[in-house]
file structure14.cif (mmCIF, N, CA and C atoms)
data_upload
loop_
_atom_site.label_atom_id
_atom_site.label_comp_id
_atom_site.auth_asym_id
_atom_site.auth_seq_id
_atom_site.Cartn_x
_atom_site.Cartn_y
_atom_site.Cartn_z
N MET A 1 74.97 61.06 76.83
CA MET A 1 75.10 61.54 75.47
C MET A 1 76.54 61.97 75.23
N ALA A 2 77.08 61.56 74.09
CA ALA A 2 78.45 61.90 73.76
C ALA A 2 78.56 63.38 73.38
N ARG A 3 79.66 63.96 73.77
CA ARG A 3 79.91 65.37 73.43
C ARG A 3 80.18 65.48 71.93
N PRO A 4 79.54 66.46 71.26
CA PRO A 4 79.79 66.60 69.82
C PRO A 4 81.24 66.94 69.53
N ARG A 5 81.72 66.42 68.43
CA ARG A 5 83.12 66.61 68.04
C ARG A 5 83.23 67.77 67.06
N LEU A 6 84.27 68.56 67.21
CA LEU A 6 84.54 69.68 66.31
C LEU A 6 85.79 69.33 65.51
N ASP A 7 85.60 69.14 64.20
CA ASP A 7 86.71 68.86 63.29
C ASP A 7 86.94 70.08 62.43
N LEU A 8 88.17 70.55 62.37
CA LEU A 8 88.50 71.71 61.54
C LEU A 8 89.38 71.27 60.38
N HIS A 9 89.00 71.67 59.20
CA HIS A 9 89.82 71.42 58.02
C HIS A 9 91.15 72.13 58.23
N PRO A 10 92.26 71.52 57.85
CA PRO A 10 93.57 72.17 58.04
C PRO A 10 93.64 73.57 57.44
N GLU A 11 93.00 73.78 56.30
CA GLU A 11 93.03 75.11 55.69
C GLU A 11 92.17 76.10 56.47
N ALA A 12 91.12 75.63 57.14
CA ALA A 12 90.31 76.51 57.99
C ALA A 12 91.14 76.98 59.19
N ILE A 13 91.95 76.08 59.74
CA ILE A 13 92.84 76.45 60.83
C ILE A 13 93.82 77.52 60.37
N GLU A 14 94.37 77.33 59.19
CA GLU A 14 95.33 78.31 58.66
C GLU A 14 94.65 79.64 58.37
N GLU A 15 93.43 79.62 57.88
CA GLU A 15 92.69 80.87 57.63
C GLU A 15 92.46 81.63 58.92
N ALA A 16 92.07 80.92 59.97
CA ALA A 16 91.85 81.57 61.26
C ALA A 16 93.15 82.14 61.81
N ARG A 17 94.22 81.39 61.66
CA ARG A 17 95.54 81.84 62.13
C ARG A 17 95.98 83.09 61.36
N ALA A 18 95.80 83.09 60.05
CA ALA A 18 96.20 84.23 59.22
C ALA A 18 95.38 85.47 59.58
N ALA A 19 94.10 85.31 59.82
CA ALA A 19 93.26 86.45 60.21
C ALA A 19 93.70 87.00 61.56
N ARG A 20 93.97 86.11 62.51
CA ARG A 20 94.43 86.56 63.83
C ARG A 20 95.73 87.33 63.71
N LEU A 21 96.66 86.83 62.92
CA LEU A 21 97.93 87.52 62.74
C LEU A 21 97.75 88.88 62.07
N TRP A 22 96.85 88.95 61.10
CA TRP A 22 96.58 90.22 60.43
C TRP A 22 96.07 91.24 61.44
N TYR A 23 95.12 90.82 62.27
CA TYR A 23 94.59 91.73 63.29
C TYR A 23 95.66 92.04 64.34
N ALA A 24 96.49 91.09 64.70
CA ALA A 24 97.53 91.30 65.71
C ALA A 24 98.56 92.33 65.24
N ASP A 25 98.82 92.40 63.94
CA ASP A 25 99.72 93.41 63.41
C ASP A 25 99.19 94.82 63.62
N ARG A 26 97.89 94.92 63.79
CA ARG A 26 97.26 96.22 63.97
C ARG A 26 96.95 96.52 65.43
N SER A 27 96.51 95.47 66.16
CA SER A 27 96.14 95.67 67.57
C SER A 27 96.00 94.32 68.26
N ALA A 28 96.70 94.14 69.36
CA ALA A 28 96.59 92.89 70.12
C ALA A 28 95.17 92.72 70.66
N ALA A 29 94.57 93.82 71.08
CA ALA A 29 93.21 93.75 71.64
C ALA A 29 92.21 93.30 70.57
N VAL A 30 92.36 93.81 69.36
CA VAL A 30 91.45 93.43 68.28
C VAL A 30 91.68 91.96 67.91
N ALA A 31 92.93 91.53 67.87
CA ALA A 31 93.22 90.12 67.57
C ALA A 31 92.60 89.22 68.63
N ASN A 32 92.71 89.61 69.90
CA ASN A 32 92.09 88.83 70.97
C ASN A 32 90.57 88.81 70.83
N GLY A 33 90.00 89.93 70.41
CA GLY A 33 88.56 89.99 70.17
C GLY A 33 88.14 89.07 69.05
N PHE A 34 88.95 89.00 68.00
CA PHE A 34 88.65 88.09 66.89
C PHE A 34 88.65 86.64 67.38
N VAL A 35 89.68 86.27 68.12
CA VAL A 35 89.76 84.89 68.63
C VAL A 35 88.59 84.59 69.55
N ALA A 36 88.23 85.52 70.41
CA ALA A 36 87.10 85.31 71.32
C ALA A 36 85.80 85.13 70.55
N GLU A 37 85.60 85.96 69.52
CA GLU A 37 84.37 85.83 68.75
C GLU A 37 84.35 84.53 67.95
N LEU A 38 85.49 84.13 67.43
CA LEU A 38 85.57 82.86 66.70
C LEU A 38 85.30 81.69 67.64
N ASP A 39 85.86 81.73 68.84
CA ASP A 39 85.58 80.68 69.83
C ASP A 39 84.10 80.62 70.17
N HIS A 40 83.49 81.79 70.33
CA HIS A 40 82.06 81.86 70.62
C HIS A 40 81.25 81.26 69.46
N ALA A 41 81.64 81.58 68.24
CA ALA A 41 80.96 81.04 67.06
C ALA A 41 81.03 79.51 67.06
N MET A 42 82.20 78.97 67.32
CA MET A 42 82.37 77.51 67.32
C MET A 42 81.47 76.86 68.38
N GLN A 43 81.40 77.48 69.55
CA GLN A 43 80.55 76.93 70.61
C GLN A 43 79.07 77.01 70.24
N GLN A 44 78.66 78.13 69.65
CA GLN A 44 77.27 78.28 69.20
C GLN A 44 76.93 77.22 68.15
N ILE A 45 77.83 77.00 67.24
CA ILE A 45 77.60 76.01 66.18
C ILE A 45 77.50 74.62 66.78
N LEU A 46 78.40 74.28 67.71
CA LEU A 46 78.34 72.96 68.35
C LEU A 46 77.05 72.77 69.13
N ASP A 47 76.59 73.83 69.79
CA ASP A 47 75.37 73.74 70.60
C ASP A 47 74.12 73.51 69.75
N ALA A 48 74.07 74.09 68.56
CA ALA A 48 72.88 73.98 67.71
C ALA A 48 73.26 74.12 66.24
N PRO A 49 73.87 73.11 65.66
CA PRO A 49 74.38 73.24 64.30
C PRO A 49 73.32 73.52 63.23
N ASP A 50 72.08 73.15 63.49
CA ASP A 50 71.03 73.36 62.49
C ASP A 50 70.38 74.74 62.60
N ARG A 51 70.82 75.56 63.52
CA ARG A 51 70.23 76.88 63.74
C ARG A 51 70.45 77.82 62.55
N TRP A 52 71.57 77.70 61.87
CA TRP A 52 71.88 78.63 60.77
C TRP A 52 71.44 78.03 59.45
N SER A 53 71.11 78.91 58.52
CA SER A 53 70.50 78.47 57.26
C SER A 53 71.49 77.71 56.38
N VAL A 54 70.90 76.91 55.52
CA VAL A 54 71.69 76.14 54.56
C VAL A 54 72.36 77.12 53.61
N TYR A 55 73.61 76.83 53.29
CA TYR A 55 74.40 77.70 52.44
C TYR A 55 74.68 76.94 51.14
N ALA A 56 75.89 76.88 50.69
CA ALA A 56 76.25 76.23 49.43
C ALA A 56 76.87 74.86 49.69
N HIS A 57 76.67 73.95 48.76
CA HIS A 57 77.30 72.62 48.81
C HIS A 57 77.01 71.89 50.12
N ARG A 58 75.75 71.90 50.53
CA ARG A 58 75.30 71.18 51.74
C ARG A 58 76.01 71.66 53.00
N THR A 59 76.35 72.93 53.03
CA THR A 59 76.99 73.51 54.21
C THR A 59 76.04 74.52 54.84
N ARG A 60 76.47 75.05 55.97
CA ARG A 60 75.80 76.15 56.64
C ARG A 60 76.87 77.18 56.95
N ARG A 61 76.44 78.38 57.31
CA ARG A 61 77.44 79.39 57.65
C ARG A 61 76.98 80.21 58.84
N TYR A 62 77.96 80.59 59.63
CA TYR A 62 77.76 81.44 60.79
C TYR A 62 78.55 82.71 60.51
N LEU A 63 77.86 83.84 60.48
CA LEU A 63 78.54 85.12 60.24
C LEU A 63 78.98 85.72 61.56
N LEU A 64 80.27 86.06 61.66
CA LEU A 64 80.75 86.74 62.86
C LEU A 64 80.12 88.13 62.91
N HIS A 65 79.91 88.62 64.10
CA HIS A 65 79.21 89.90 64.27
C HIS A 65 80.12 91.11 64.12
N ARG A 66 81.30 91.06 64.68
CA ARG A 66 82.19 92.23 64.69
C ARG A 66 83.27 92.18 63.62
N PHE A 67 83.39 91.08 62.93
CA PHE A 67 84.46 90.90 61.95
C PHE A 67 83.87 90.38 60.65
N PRO A 68 84.45 90.73 59.50
CA PRO A 68 83.89 90.30 58.21
C PRO A 68 84.29 88.88 57.84
N TYR A 69 84.01 87.94 58.71
CA TYR A 69 84.35 86.54 58.49
C TYR A 69 83.13 85.68 58.73
N MET A 70 83.15 84.51 58.12
CA MET A 70 82.11 83.52 58.35
C MET A 70 82.75 82.16 58.57
N VAL A 71 82.08 81.36 59.36
CA VAL A 71 82.50 79.98 59.57
C VAL A 71 81.59 79.12 58.70
N VAL A 72 82.18 78.44 57.74
CA VAL A 72 81.43 77.55 56.86
C VAL A 72 81.61 76.14 57.42
N TYR A 73 80.49 75.46 57.65
CA TYR A 73 80.56 74.16 58.31
C TYR A 73 79.44 73.25 57.83
N ARG A 74 79.54 72.00 58.24
CA ARG A 74 78.44 71.06 58.03
C ARG A 74 78.34 70.18 59.27
N ALA A 75 77.12 69.81 59.57
CA ALA A 75 76.87 68.89 60.68
C ALA A 75 77.18 67.48 60.20
N THR A 76 77.78 66.70 61.07
CA THR A 76 78.06 65.29 60.77
C THR A 76 77.37 64.45 61.84
N GLU A 77 77.48 63.15 61.71
CA GLU A 77 76.86 62.27 62.71
C GLU A 77 77.50 62.40 64.08
N THR A 78 78.77 62.80 64.12
CA THR A 78 79.48 62.89 65.39
C THR A 78 79.68 64.31 65.89
N GLY A 79 79.32 65.31 65.08
CA GLY A 79 79.53 66.69 65.51
C GLY A 79 79.47 67.66 64.36
N VAL A 80 80.52 68.47 64.23
CA VAL A 80 80.57 69.53 63.23
C VAL A 80 81.93 69.51 62.53
N GLN A 81 81.90 69.68 61.22
CA GLN A 81 83.12 69.80 60.43
C GLN A 81 83.19 71.24 59.92
N VAL A 82 84.22 71.98 60.35
CA VAL A 82 84.42 73.34 59.87
C VAL A 82 85.25 73.26 58.60
N ILE A 83 84.69 73.79 57.53
CA ILE A 83 85.32 73.71 56.22
C ILE A 83 86.17 74.94 55.94
N ALA A 84 85.72 76.11 56.41
CA ALA A 84 86.46 77.34 56.15
C ALA A 84 86.15 78.40 57.20
N VAL A 85 87.14 79.24 57.45
CA VAL A 85 86.96 80.49 58.19
C VAL A 85 87.27 81.54 57.13
N ALA A 86 86.22 81.94 56.43
CA ALA A 86 86.37 82.71 55.20
C ALA A 86 86.04 84.17 55.40
N HIS A 87 86.85 85.03 54.77
CA HIS A 87 86.52 86.45 54.74
C HIS A 87 85.24 86.58 53.92
N ALA A 88 84.27 87.30 54.44
CA ALA A 88 82.95 87.36 53.82
C ALA A 88 82.90 88.17 52.53
N ARG A 89 83.94 88.97 52.28
CA ARG A 89 83.91 89.86 51.11
C ARG A 89 85.02 89.60 50.10
N ARG A 90 85.77 88.52 50.28
CA ARG A 90 86.86 88.23 49.34
C ARG A 90 86.71 86.82 48.78
N ASN A 91 86.98 86.68 47.52
CA ASN A 91 87.01 85.37 46.85
C ASN A 91 85.86 84.46 47.26
N PRO A 92 84.62 84.86 47.01
CA PRO A 92 83.51 84.02 47.45
C PRO A 92 83.58 82.62 46.85
N GLY A 93 83.34 81.65 47.68
CA GLY A 93 83.27 80.27 47.23
C GLY A 93 84.58 79.56 46.98
N TYR A 94 85.70 80.18 47.29
CA TYR A 94 87.00 79.54 47.03
C TYR A 94 87.12 78.20 47.76
N TRP A 95 86.42 78.03 48.83
CA TRP A 95 86.51 76.85 49.70
C TRP A 95 85.66 75.68 49.20
N LYS A 96 84.87 75.87 48.16
CA LYS A 96 83.88 74.87 47.76
C LYS A 96 84.49 73.51 47.42
N THR A 97 85.71 73.47 46.95
CA THR A 97 86.32 72.16 46.65
C THR A 97 86.56 71.36 47.91
N ARG A 98 86.64 72.01 49.06
CA ARG A 98 86.82 71.30 50.33
C ARG A 98 85.53 70.61 50.78
N ALA A 99 84.40 71.10 50.28
CA ALA A 99 83.10 70.60 50.74
C ALA A 99 82.64 69.36 49.99
N VAL A 100 83.45 68.89 49.08
CA VAL A 100 83.06 67.74 48.26
C VAL A 100 83.14 66.47 49.07
#
call {"tool": "encode", "arguments": {"input": "structure14.cif", "output": "C-alpha cells"}}
result
Amino acid sequence: MARPRLDLHPEAIEEARAARLWYADRSAAVANGFVAELDHAMQQILDAPDRWSVYAHRTRRYLLHRFPYMVVYRATETGVQVIAVAHARRNPGYWKTRAV
C-alpha cells in the first residue's frame, strides 16, 4: 500500500510559520510545543482522515488541543490536502476561497 501524501497549501505553510514565530517571540518552549502539536495533528489526520467531522466546503477540521488553531483539510485519492492552519477565533472562513 502506498504511503498517503500530505500536500500543504502554500498559505497554510505560511500560517503555521507565522503562528510559530508569534509563539517564539513569547517563549521558545511554547513555540516548540505548537510545532509538536501541529506535527501530531498532521500524523493523526494522515492516519485516519475521515475521523473528524465534515466542516465547510467539503473539508474537515482538526482542532489543536493546547492552542487555538485548527487544521482545515480534505481527503484526496492520494492522501490529504491541508488548506489552512487557521486561528480558531479570528476571521472565520477566510480560507474558503482556497477550498474551491
call {"tool": "closest_residue", "arguments": {"input": "structure14.cif", "among": "A:Gly93, A:Met42, A:Tyr62, A:His57", "to": "Asp7 (chain A)", "atoms": "only C-alpha atoms"}}
result
A:Met42
call {"tool": "atom_distance", "arguments": {"input": "structure14.cif", "atom1": "CA of Val82 (chain A)", "atom2": "CA of Leu6 (chain A)"}}
result
7.4 Å
call {"tool": "closest_residue", "arguments": {"input": "structure14.cif", "among": "A:Arg74, A:Lys96, A:His9, A:Arg89", "to": "Arg61 (chain A)", "atoms": "all atoms listed in the file"}}
result
A:Arg74
call {"tool": "atom_distance", "arguments": {"input": "structure14.cif", "atom1": "CA of Gln81 (chain A)", "atom2": "CA of Arg17 (chain A)"}}
result
17.4 Å
call {"tool": "resolve_selection", "arguments": {"input": "structure14.cif", "expression": "the PyMOL selection byres (((chain A and resi 95 and name CA) around 12) and name CA)", "output": "number ranges by chain"}}
result
A: 9-12, 15, 56-57, 59, 70-73, 82-88, 90-94, 96-100
call {"tool": "atom_distance", "arguments": {"input": "structure14.cif", "atom1": "CA of Glu14 (chain A)", "atom2": "CA of Tyr69 (chain A)"}}
result
13.7 Å
